[in-house]
$ cat run.cif   # mmCIF, C-alpha atoms
data_my_file
#
loop_
_atom_site.group_PDB
_atom_site.id
_atom_site.type_symbol
_atom_site.label_atom_id
_atom_site.label_comp_id
_atom_site.auth_asym_id
_atom_site.auth_seq_id
_atom_site.Cartn_x
_atom_site.Cartn_y
_atom_site.Cartn_z
ATOM 1 C CA MET A 1 36.031 45.498 31.606
ATOM 2 C CA LYS A 2 37.422 48.981 32.283
ATOM 3 C CA ARG A 3 35.979 48.970 35.812
ATOM 4 C CA ALA A 4 37.449 45.522 36.530
ATOM 5 C CA THR A 5 40.873 46.675 35.338
ATOM 6 C CA THR A 6 40.658 49.737 37.556
ATOM 7 C CA LEU A 7 39.766 47.623 40.585
ATOM 8 C CA ARG A 8 42.676 45.278 39.931
ATOM 9 C CA ARG A 9 45.047 48.235 39.772
ATOM 10 C CA LEU A 10 43.653 49.589 43.009
ATOM 11 C CA ALA A 11 44.251 46.249 44.715
ATOM 12 C CA LEU A 12 47.869 46.199 43.551
ATOM 13 C CA TRP A 13 48.403 49.826 44.559
ATOM 14 C CA VAL A 14 47.122 49.130 48.049
ATOM 15 C CA TRP A 15 49.453 46.158 48.359
ATOM 16 C CA LEU A 16 52.335 48.423 47.391
ATOM 17 C CA LEU A 17 51.307 50.796 50.159
ATOM 18 C CA ILE A 18 51.580 48.053 52.757
ATOM 19 C CA LEU A 19 54.703 46.344 51.494
ATOM 20 C CA PRO A 20 56.326 44.012 53.973
ATOM 21 C CA VAL A 21 57.923 46.871 55.831
ATOM 22 C CA LEU A 22 57.728 45.552 59.310
ATOM 23 C CA ALA A 23 59.386 48.777 60.300
ATOM 24 C CA GLN A 24 61.317 50.934 62.681
ATOM 25 C CA ALA A 25 58.202 52.566 64.075
ATOM 26 C CA GLN A 26 57.709 54.977 66.938
ATOM 27 C CA ALA A 27 57.535 52.007 69.300
ATOM 28 C CA GLN A 28 61.164 51.028 68.686
ATOM 29 C CA LEU A 29 62.528 50.254 72.136
ATOM 30 C CA GLY A 30 66.236 50.007 71.479
ATOM 31 C CA SER A 31 67.533 47.746 74.267
ATOM 32 C CA ALA A 32 66.895 44.481 76.081
ATOM 33 C CA ALA A 33 65.844 46.384 79.209
ATOM 34 C CA ALA A 34 63.301 48.487 77.334
ATOM 35 C CA LEU A 35 61.937 45.456 75.516
ATOM 36 C CA ARG A 36 61.594 43.516 78.764
ATOM 37 C CA ALA A 37 59.803 46.493 80.338
ATOM 38 C CA LYS A 38 57.344 46.411 77.426
ATOM 39 C CA TYR A 39 56.804 42.704 78.020
ATOM 40 C CA ASP A 40 55.945 43.419 81.660
ATOM 41 C CA ALA A 41 53.531 46.135 80.526
ATOM 42 C CA VAL A 42 51.590 43.998 78.022
ATOM 43 C CA GLN A 43 51.810 40.573 79.686
ATOM 44 C CA SER A 44 48.379 40.940 81.282
ATOM 45 C CA GLN A 45 46.860 41.157 77.788
ATOM 46 C CA PHE A 46 48.308 37.848 76.607
ATOM 47 C CA ASP A 47 45.887 35.510 78.356
ATOM 48 C CA GLN A 48 42.663 37.308 77.499
ATOM 49 C CA ASN A 49 42.547 38.504 73.918
ATOM 50 C CA ALA A 50 40.877 37.722 70.613
ATOM 51 C CA PHE A 51 43.977 36.113 69.099
ATOM 52 C CA GLY A 52 44.142 32.965 71.207
ATOM 53 C CA ARG A 53 47.901 33.420 71.594
ATOM 54 C CA PRO A 54 50.262 35.709 73.554
ATOM 55 C CA LEU A 55 50.092 38.681 71.219
ATOM 56 C CA VAL A 56 49.265 42.390 71.320
ATOM 57 C CA LEU A 57 48.614 44.337 68.121
ATOM 58 C CA GLU A 58 48.736 48.129 67.990
ATOM 59 C CA SER A 59 48.263 50.505 65.065
ATOM 60 C CA THR A 60 48.223 54.253 64.542
ATOM 61 C CA GLU A 61 47.254 56.619 61.754
ATOM 62 C CA ALA A 62 48.506 60.201 61.639
ATOM 63 C CA ALA A 63 48.770 62.854 58.949
ATOM 64 C CA GLY A 64 50.625 61.224 56.093
ATOM 65 C CA GLN A 65 51.904 58.302 58.176
ATOM 66 C CA LEU A 66 50.851 54.782 59.126
ATOM 67 C CA SER A 67 52.445 52.490 61.669
ATOM 68 C CA GLY A 68 51.797 49.167 63.329
ATOM 69 C CA ASP A 69 53.385 47.054 66.039
ATOM 70 C CA ILE A 70 53.067 43.498 67.263
ATOM 71 C CA PHE A 71 54.413 42.333 70.633
ATOM 72 C CA ALA A 72 54.356 38.563 70.956
ATOM 73 C CA VAL A 73 55.942 35.484 72.478
ATOM 74 C CA LEU A 74 57.596 32.924 70.200
ATOM 75 C CA ASN A 75 57.915 29.347 71.417
ATOM 76 C CA HIS A 76 61.565 29.234 70.407
ATOM 77 C CA PRO A 77 64.726 30.021 72.385
ATOM 78 C CA VAL A 78 66.465 33.305 71.684
ATOM 79 C CA ASP A 79 69.573 31.664 70.196
ATOM 80 C CA GLN A 80 67.432 30.099 67.463
ATOM 81 C CA VAL A 81 65.607 33.374 66.861
ATOM 82 C CA ASN A 82 68.883 35.306 66.704
ATOM 83 C CA SER A 83 70.642 32.900 64.380
ATOM 84 C CA SER A 84 67.689 32.813 61.980
ATOM 85 C CA LEU A 85 66.233 36.313 61.924
ATOM 86 C CA SER A 86 69.622 38.022 61.819
ATOM 87 C CA GLN A 87 70.118 36.645 58.292
ATOM 88 C CA PRO A 88 68.798 38.605 55.290
ATOM 89 C CA VAL A 89 68.112 35.433 53.286
ATOM 90 C CA VAL A 90 65.780 34.272 56.049
ATOM 91 C CA TRP A 91 63.782 37.473 55.680
ATOM 92 C CA CYS A 92 63.262 36.607 52.024
ATOM 93 C CA ASP A 93 61.814 33.262 53.149
ATOM 94 C CA VAL A 94 59.572 35.102 55.620
ATOM 95 C CA LEU A 95 58.382 37.635 53.055
ATOM 96 C CA MET A 96 57.737 34.965 50.440
ATOM 97 C CA LEU A 97 54.991 33.449 52.588
ATOM 98 C CA HIS A 98 52.766 36.455 51.947
ATOM 99 C CA LEU A 99 50.272 36.158 49.100
ATOM 100 C CA ASN A 100 51.593 39.224 47.296
ATOM 101 C CA THR A 101 55.347 38.566 47.449
ATOM 102 C CA LYS A 102 56.374 37.105 44.121
ATOM 103 C CA TYR A 103 60.152 37.107 44.370
ATOM 104 C CA CYS A 104 62.852 38.016 46.879
ATOM 105 C CA VAL A 105 66.609 37.889 46.522
ATOM 106 C CA VAL A 106 69.543 39.213 48.564
ATOM 107 C CA ARG A 107 72.112 41.196 46.608
ATOM 108 C CA GLY A 108 75.359 42.956 47.413
ATOM 109 C CA THR A 109 78.349 42.232 49.614
ATOM 110 C CA GLU A 110 78.346 41.246 53.275
ATOM 111 C CA SER A 111 78.829 44.873 54.318
ATOM 112 C CA ALA A 112 76.204 46.298 51.928
ATOM 113 C CA ARG A 113 73.257 44.027 51.307
ATOM 114 C CA THR A 114 69.878 44.731 49.748
ATOM 115 C CA LEU A 115 66.659 42.707 49.670
ATOM 116 C CA VAL A 116 65.196 43.045 46.189
ATOM 117 C CA VAL A 117 61.482 42.279 46.519
ATOM 118 C CA SER A 118 58.904 41.909 43.748
ATOM 119 C CA VAL A 119 55.256 42.235 44.725
ATOM 120 C CA GLY A 120 52.070 41.657 42.803
ATOM 121 C CA ARG A 121 48.581 40.304 43.071
ATOM 122 C CA LYS A 122 47.137 37.380 45.017
ATOM 123 C CA PHE A 123 47.531 34.831 42.242
ATOM 124 C CA ASP A 124 50.334 33.450 40.110
ATOM 125 C CA GLN A 125 51.529 36.043 37.622
ATOM 126 C CA PRO A 126 54.626 36.859 35.538
ATOM 127 C CA LEU A 127 57.341 38.881 37.256
ATOM 128 C CA SER A 128 57.057 41.405 34.446
ATOM 129 C CA GLU A 129 53.698 42.415 35.951
ATOM 130 C CA ALA A 130 55.057 42.820 39.477
ATOM 131 C CA GLN A 131 56.565 45.896 41.128
ATOM 132 C CA ARG A 132 60.046 46.011 42.664
ATOM 133 C CA VAL A 133 61.227 47.662 45.877
ATOM 134 C CA ASN A 134 64.757 47.564 47.298
ATOM 135 C CA PHE A 135 65.265 47.333 51.054
ATOM 136 C CA VAL A 136 68.688 48.172 52.487
ATOM 137 C CA TRP A 137 69.790 45.657 55.110
ATOM 138 C CA GLN A 138 71.410 47.186 58.176
ATOM 139 C CA PRO A 139 74.003 45.079 60.049
ATOM 140 C CA PRO A 140 72.028 43.592 62.977
ATOM 141 C CA THR A 141 72.741 44.090 66.655
ATOM 142 C CA ILE A 142 73.147 40.701 68.345
ATOM 143 C CA THR A 143 73.930 40.060 72.012
ATOM 144 C CA ASP A 144 73.037 37.272 74.430
ATOM 145 C CA ASP A 145 69.845 39.074 75.470
ATOM 146 C CA TYR A 146 68.946 41.326 72.550
ATOM 147 C CA LEU A 147 68.486 41.222 68.773
ATOM 148 C CA SER A 148 67.736 44.236 66.601
ATOM 149 C CA VAL A 149 67.184 43.932 62.842
ATOM 150 C CA ARG A 150 66.452 46.876 60.560
ATOM 151 C CA LEU A 151 65.749 47.421 56.896
ATOM 152 C CA SER A 152 64.929 50.648 55.108
ATOM 153 C CA ALA A 153 63.798 52.018 51.773
ATOM 154 C CA ASP A 154 63.853 55.729 51.067
ATOM 155 C CA LYS A 155 61.071 55.537 48.524
ATOM 156 C CA GLY A 156 58.375 53.278 47.186
ATOM 157 C CA PRO A 157 55.593 53.448 44.600
ATOM 158 C CA LEU A 158 52.836 56.045 44.520
ATOM 159 C CA SER A 159 54.532 58.759 46.592
ATOM 160 C CA THR A 160 55.300 56.419 49.509
ATOM 161 C CA ARG A 161 58.609 56.988 51.275
ATOM 162 C CA ASP A 162 60.718 56.411 54.386
ATOM 163 C CA TYR A 163 60.033 52.712 54.830
ATOM 164 C CA ARG A 164 61.595 51.344 58.011
ATOM 165 C CA ILE A 165 61.752 47.743 59.221
ATOM 166 C CA GLU A 166 62.353 46.770 62.836
ATOM 167 C CA LEU A 167 62.461 43.459 64.645
ATOM 168 C CA GLU A 168 63.578 43.244 68.276
ATOM 169 C CA ALA A 169 63.883 40.123 70.430
ATOM 170 C CA THR A 170 64.880 39.246 73.995
ATOM 171 C CA PRO A 171 64.834 35.930 75.919
ATOM 172 C CA LEU A 172 62.103 35.076 78.416
ATOM 173 C CA GLY A 173 63.466 31.759 79.642
ATOM 174 C CA ASN A 174 61.795 28.331 79.323
ATOM 175 C CA GLY A 175 62.717 28.275 75.647
ATOM 176 C CA LYS A 176 60.607 31.333 74.763
ATOM 177 C CA THR A 177 61.441 34.692 73.196
ATOM 178 C CA PHE A 178 59.612 38.021 73.329
ATOM 179 C CA ILE A 179 59.608 39.961 70.056
ATOM 180 C CA HIS A 180 58.566 43.357 68.816
ATOM 181 C CA LEU A 181 57.667 43.607 65.150
ATOM 182 C CA GLY A 182 56.908 47.107 63.929
ATOM 183 C CA TYR A 183 56.571 49.119 60.752
ATOM 184 C CA ALA A 184 56.076 52.705 59.574
ATOM 185 C CA TYR A 185 56.057 54.632 56.330
ATOM 186 C CA ALA A 186 54.980 57.991 54.982
ATOM 187 C CA TYR A 187 52.760 58.591 51.964
ATOM 188 C CA GLY A 188 51.699 61.423 49.705
ATOM 189 C CA VAL A 189 48.754 62.460 47.571
ATOM 190 C CA ALA A 190 48.946 59.680 44.968
ATOM 191 C CA ALA A 191 48.995 56.976 47.622
ATOM 192 C CA ARG A 192 46.130 58.602 49.504
ATOM 193 C CA ILE A 193 43.977 58.696 46.368
ATOM 194 C CA ALA A 194 44.730 55.051 45.540
ATOM 195 C CA MET A 195 43.894 53.959 49.080
ATOM 196 C CA ARG A 196 40.650 55.911 49.072
ATOM 197 C CA GLY A 197 39.583 54.221 45.826
ATOM 198 C CA TYR A 198 40.436 50.758 47.168
ATOM 199 C CA LEU A 199 38.534 51.291 50.409
ATOM 200 C CA ALA A 200 35.485 52.503 48.505
ATOM 201 C CA THR A 201 35.389 49.410 46.274
ATOM 202 C CA ILE A 202 36.970 45.989 46.754
ATOM 203 C CA GLY A 203 38.282 46.838 50.220
ATOM 204 C CA ALA A 204 35.036 48.270 51.556
ATOM 205 C CA ASP A 205 34.103 45.230 53.674
ATOM 206 C CA LYS A 206 37.571 44.373 54.945
ATOM 207 C CA VAL A 207 38.404 44.935 58.607
ATOM 208 C CA GLY A 208 41.332 44.776 60.998
ATOM 209 C CA PHE A 209 41.588 43.333 64.501
ATOM 210 C CA THR A 210 41.012 46.268 66.851
ATOM 211 C CA ALA A 211 37.451 46.228 68.224
ATOM 212 C CA MET A 212 35.978 49.721 68.150
ATOM 213 C CA GLY A 213 32.712 48.733 69.842
ATOM 214 C CA LYS A 214 29.795 46.364 69.337
ATOM 215 C CA ASP A 215 26.938 46.253 66.858
ATOM 216 C CA SER A 216 23.242 45.925 67.671
ATOM 217 C CA ALA A 217 23.654 42.149 68.009
ATOM 218 C CA GLY A 218 26.467 42.545 70.507
ATOM 219 C CA GLN A 219 29.162 41.445 68.061
ATOM 220 C CA PRO A 220 32.497 43.298 67.790
ATOM 221 C CA GLU A 221 32.811 46.042 65.232
ATOM 222 C CA TYR A 222 36.378 46.048 63.962
ATOM 223 C CA VAL A 223 38.455 48.924 62.708
ATOM 224 C CA GLY A 224 38.394 49.391 58.943
ATOM 225 C CA GLY A 225 40.047 51.814 56.558
ATOM 226 C CA VAL A 226 43.809 52.186 56.400
ATOM 227 C CA ARG A 227 44.260 50.983 59.976
ATOM 228 C CA GLY A 228 42.498 47.779 58.994
ATOM 229 C CA VAL A 229 44.890 47.368 56.056
ATOM 230 C CA VAL A 230 47.899 47.862 58.317
ATOM 231 C CA GLU A 231 46.647 45.460 60.973
ATOM 232 C CA ARG A 232 45.898 42.675 58.506
ATOM 233 C CA ASN A 233 49.353 42.771 57.019
ATOM 234 C CA THR A 234 51.090 43.149 60.354
ATOM 235 C CA MET A 235 49.409 39.926 61.436
ATOM 236 C CA ARG A 236 50.311 38.177 58.177
ATOM 237 C CA TYR A 237 53.983 38.909 58.680
ATOM 238 C CA TYR A 238 54.022 37.951 62.327
ATOM 239 C CA LEU A 239 52.456 34.634 61.331
ATOM 240 C CA ALA A 240 55.119 34.294 58.635
ATOM 241 C CA ILE A 241 57.885 34.673 61.219
ATOM 242 C CA ASP A 242 56.187 32.112 63.449
ATOM 243 C CA ALA A 243 55.743 29.659 60.563
ATOM 244 C CA TYR A 244 59.356 30.042 59.499
ATOM 245 C CA MET A 245 60.658 29.412 63.009
ATOM 246 C CA ASP A 246 58.553 26.241 63.225
ATOM 247 C CA ALA A 247 59.867 24.883 59.905
ATOM 248 C CA PRO A 248 63.075 26.686 58.894
ATOM 249 C CA LYS A 249 64.301 23.918 56.577
ATOM 250 C CA GLN A 250 61.010 22.523 55.276
ATOM 251 C CA LEU A 251 59.116 24.564 52.713
ATOM 252 C CA ALA A 252 55.938 22.486 52.428
ATOM 253 C CA PRO A 253 55.156 22.447 56.193
ATOM 254 C CA ARG A 254 56.020 26.139 56.384
ATOM 255 C CA LEU A 255 53.585 27.085 53.618
ATOM 256 C CA ALA A 256 50.840 24.920 55.123
ATOM 257 C CA ALA A 257 51.424 26.324 58.608
ATOM 258 C CA TRP A 258 51.236 29.923 57.400
ATOM 259 C CA PHE A 259 48.014 29.400 55.489
ATOM 260 C CA ASP A 260 46.363 27.420 58.268
ATOM 261 C CA SER A 261 47.305 30.029 60.869
ATOM 262 C CA THR A 262 45.837 32.831 58.762
ATOM 263 C CA GLU A 263 42.591 30.890 58.498
ATOM 264 C CA ARG A 264 42.237 31.103 62.283
ATOM 265 C CA TYR A 265 41.462 34.765 61.546
ATOM 266 C CA ALA A 266 39.458 34.229 58.377
ATOM 267 C CA ARG A 267 37.219 37.273 58.962
ATOM 268 C CA GLN A 268 40.273 39.460 58.469
ATOM 269 C CA LEU A 269 42.763 37.395 56.472
ATOM 270 C CA HIS A 270 41.013 34.959 54.126
ATOM 271 C CA GLU A 271 41.712 35.746 50.473
ATOM 272 C CA VAL A 272 42.230 32.496 48.520
ATOM 273 C CA GLU A 273 41.652 28.788 48.945
ATOM 274 C CA ARG A 274 44.348 26.586 50.471
ATOM 275 C CA ASP A 275 45.153 24.521 47.368
ATOM 276 C CA ASP A 276 45.419 27.665 45.246
ATOM 277 C CA TYR A 277 47.806 29.291 47.725
ATOM 278 C CA LEU A 278 50.043 26.233 47.988
ATOM 279 C CA ALA A 279 50.213 25.772 44.210
ATOM 280 C CA MET A 280 51.017 29.443 43.662
ATOM 281 C CA LYS A 281 53.807 29.463 46.249
ATOM 282 C CA ARG A 282 55.368 26.268 44.934
ATOM 283 C CA ASN A 283 55.578 27.880 41.504
ATOM 284 C CA GLU A 284 57.006 31.100 42.919
ATOM 285 C CA TYR A 285 59.681 29.246 44.859
ATOM 286 C CA LYS A 286 60.686 27.363 41.711
ATOM 287 C CA ARG A 287 61.065 30.729 40.010
ATOM 288 C CA LEU A 288 63.609 31.805 42.635
ATOM 289 C CA ALA A 289 66.105 29.517 40.914
ATOM 290 C CA ASN A 290 66.160 31.969 37.991
ATOM 291 C CA PRO A 291 68.124 35.212 38.437
ATOM 292 C CA LEU A 292 66.054 38.372 38.645
ATOM 293 C CA PRO A 293 67.032 40.829 35.872
ATOM 294 C CA GLU A 294 69.045 43.821 37.044
#
$ encode --input "run.cif" --output "C-alpha cells"
Amino acid sequence: MKRATTLRRLALWVWLLILPVLAQAQAQLGSAAALRAKYDAVQSQFDQNAFGRPLVLESTEAAGQLSGDIFAVLNHPVDQVNSSLSQPVVWCDVLMLHLNTKYCVVRGTESARTLVVSVGRKFDQPLSEAQRVNFVWQPPTITDDYLSVRLSADKGPLSTRDYRIELEATPLGNGKTFIHLGYAYAYGVAARIAMRGYLATIGADKVGFTAMGKDSAGQPEYVGGVRGVVERNTMRYYLAIDAYMDAPKQLAPRLAAWFDSTERYARQLHEVERDDYLAMKRNEYKRLANPLPE
C-alpha cells in the first residue's frame, strides 16, 4: 500500500513538472518573417515523417531546463486561428482536453487576466486533491500575418519556475496556417528527484517520439527519460489545439477527436480507455459550472 501511494504521488509530481506550459522557448521567432523562414526550413520534413501529418517536433534538455517545440500546419485559415487562440477562455478549452487538467478558469480584468488551472491524475478525482497553478495572460500580438500568444508563471510545484507559454501563427494560403508551439521551464533539486523516481518506476517504459536509433530487430528506439516526457505532452497539446479548431463549439466531437488522434500514437500516448476518458471529461466540464474557491 505504501509503495502504491508513493508511485501515485510520483505520477502526479511528474505531471506537475510538465504542466501545460506550451512556452516561450528558445525557438521563439518573434515575427511573421522569421516564422515563415522556419516554415521554409522544415517544410521538407513534413511529407516524410513518423507522424503522418505536416509536423516537426523538437526537444532539448540542458542543466536545470527542459524545452520543446512543435512546428505544424493547421488546416484552418489564419483569421479563424487568430480569433480563437487569441482568447484566454479558448486556452482553457484547449488545456481541458488533457487527461490531467481538472479545471480551468479565466480570472481578472481585460487588462490583467490569469488562467487558474487545477491539475491532477488521469482519472476523475475531487478538486481538493488537485494542484493549482496560475498563468498570467499577456495581451496577444495580432496582425493580418502574425499571431503571438504568451502566458507565464514565475513558479510552480516542486522547485519548478519560470514557466513560459508561446504560440505563434502565420498564414500559408489555401486556408492553412503555420504554427509554432513551444514551451520551457526551469527546475530544481526537488523536481529532479521526483522525476528520477518516476522514470525508475511507473515511467520506466514510456518513450517520446524522437528516434535515437534502431534495435536488433530494426525497429526504432525512441528517446526516453525527461525528453520523452516533454515530447509526449507537447504532442498532446498540439493535438488539443487541432481538435479545438475542428470543433470550437461542440464539446462531444472535440473530446472524441482528441482521444482518437492520441490513439494514432498509442505507443507514446495511450493511458486510458476511450469510454473512461469521455466520461471523466464530461464530469469535469460539468464541474466548471461551479466557481473555483479563491
$ closest_residue --input "run.cif" --among "A:Arg53, A:Asp215, A:Ala256, A:Asn134" --to "Arg274 (chain A)" --atoms "all atoms listed in the file"
A:Ala256
$ atom_distance --input "run.cif" --atom1 "CA of Leu99 (chain A)" --atom2 "CA of Ala62 (chain A)"
27.2 Å
$ closest_residue --input "run.cif" --among "A:Gln131, A:Asn100, A:Ser44, A:Ser148" --to "Val81 (chain A)" --atoms "only C-alpha atoms"
A:Ser148
$ atom_distance --input "run.cif" --atom1 "CA of Ser118 (chain A)" --atom2 "CA of Leu251 (chain A)"
19.5 Å
$ axis_aligned_box --input "run.cif" --around "region 111-114 of chain A" --padding-each-side "4 Å" --output "lines of an AutoDock Vina configuration file"
center_x = 74.4
center_y = 45.2
center_z = 52.0
size_x = 17.0
size_y = 10.3
size_z = 12.6
$ closest_residue --input "run.cif" --among "A:Pro248, A:Pro293, A:Gly224, A:Gly208" --to "Glu58 (chain A)" --atoms "all atoms listed in the file"
A:Gly208
$ resolve_selection --input "run.cif" --expression "the PyMOL selection byres ((chain A and resi 113) around 12)" --output "list in words"
Gln87, Pro88, Val89, Val105, Val106, Arg107, Gly108, Thr109, Glu110, Ser111, Ala112, Thr114, Leu115, Val116, Asn134, Phe135, Val136, Trp137, Gln138, Pro139, Pro140, Arg150, Leu151 and Ser152 of chain A
$ residues_around --input "run.cif" --residues "Val78 (chain A)" --least-positions-apart "3" --cutoff "7 Å" --atoms "all atoms listed in the file" --output "PyMOL selection string"
chain A and resi 81-82+170-171+176-177
$ resolve_selection --input "run.cif" --expression "the PyMOL selection byres ((chain A and resi 122-129) around 12)" --output "PyMOL selection string"
chain A and resi 8-9+11-12+15+97-104+117-121+130-132+270-273+275-285+287-288+290-293
$ atom_distance --input "run.cif" --atom1 "CA of Ala289 (chain A)" --atom2 "CA of Val90 (chain A)"
15.9 Å
$ closest_residue --input "run.cif" --among "A:Asp144, A:Glu166, A:Glu263, A:Asp246" --to "Ser67 (chain A)" --atoms "only C-alpha atoms"
A:Glu166
$ residues_around --input "run.cif" --residues "Pro220 (chain A)" --least-positions-apart "5" --cutoff "6 Å" --atoms "only C-alpha atoms" --output "PyMOL selection string"
chain A and resi 211+213-214
$ write_last_selection --input "run.cif" --atoms "C-alpha atoms" --output "short mmCIF file (atom, residue, chain, number, x, y, z; two decimals), in the coordinates of the input"
data_model
loop_
_atom_site.label_atom_id
_atom_site.label_comp_id
_atom_site.auth_asym_id
_atom_site.auth_seq_id
_atom_site.Cartn_x
_atom_site.Cartn_y
_atom_site.Cartn_z
CA ALA A 211 37.45 46.23 68.22
CA GLY A 213 32.71 48.73 69.84
CA LYS A 214 29.80 46.36 69.34
#
$ closest_residue --input "run.cif" --among "A:Ala252, A:Met245, A:Val149, A:Val73" --to "Phe178 (chain A)" --atoms "all atoms listed in the file"
A:Val73
$ resolve_selection --input "run.cif" --expression "the PyMOL selection byres ((chain A and resi 28-38) around 10)" --output "PyMOL selection string"
chain A and resi 23-27+39-43+69+71+141+143-148+166-172+178-183
$ closest_residue --input "run.cif" --among "A:Lys286, A:Leu239, A:Gln65, A:Gln250" --to "Phe51 (chain A)" --atoms "all atoms listed in the file"
A:Leu239
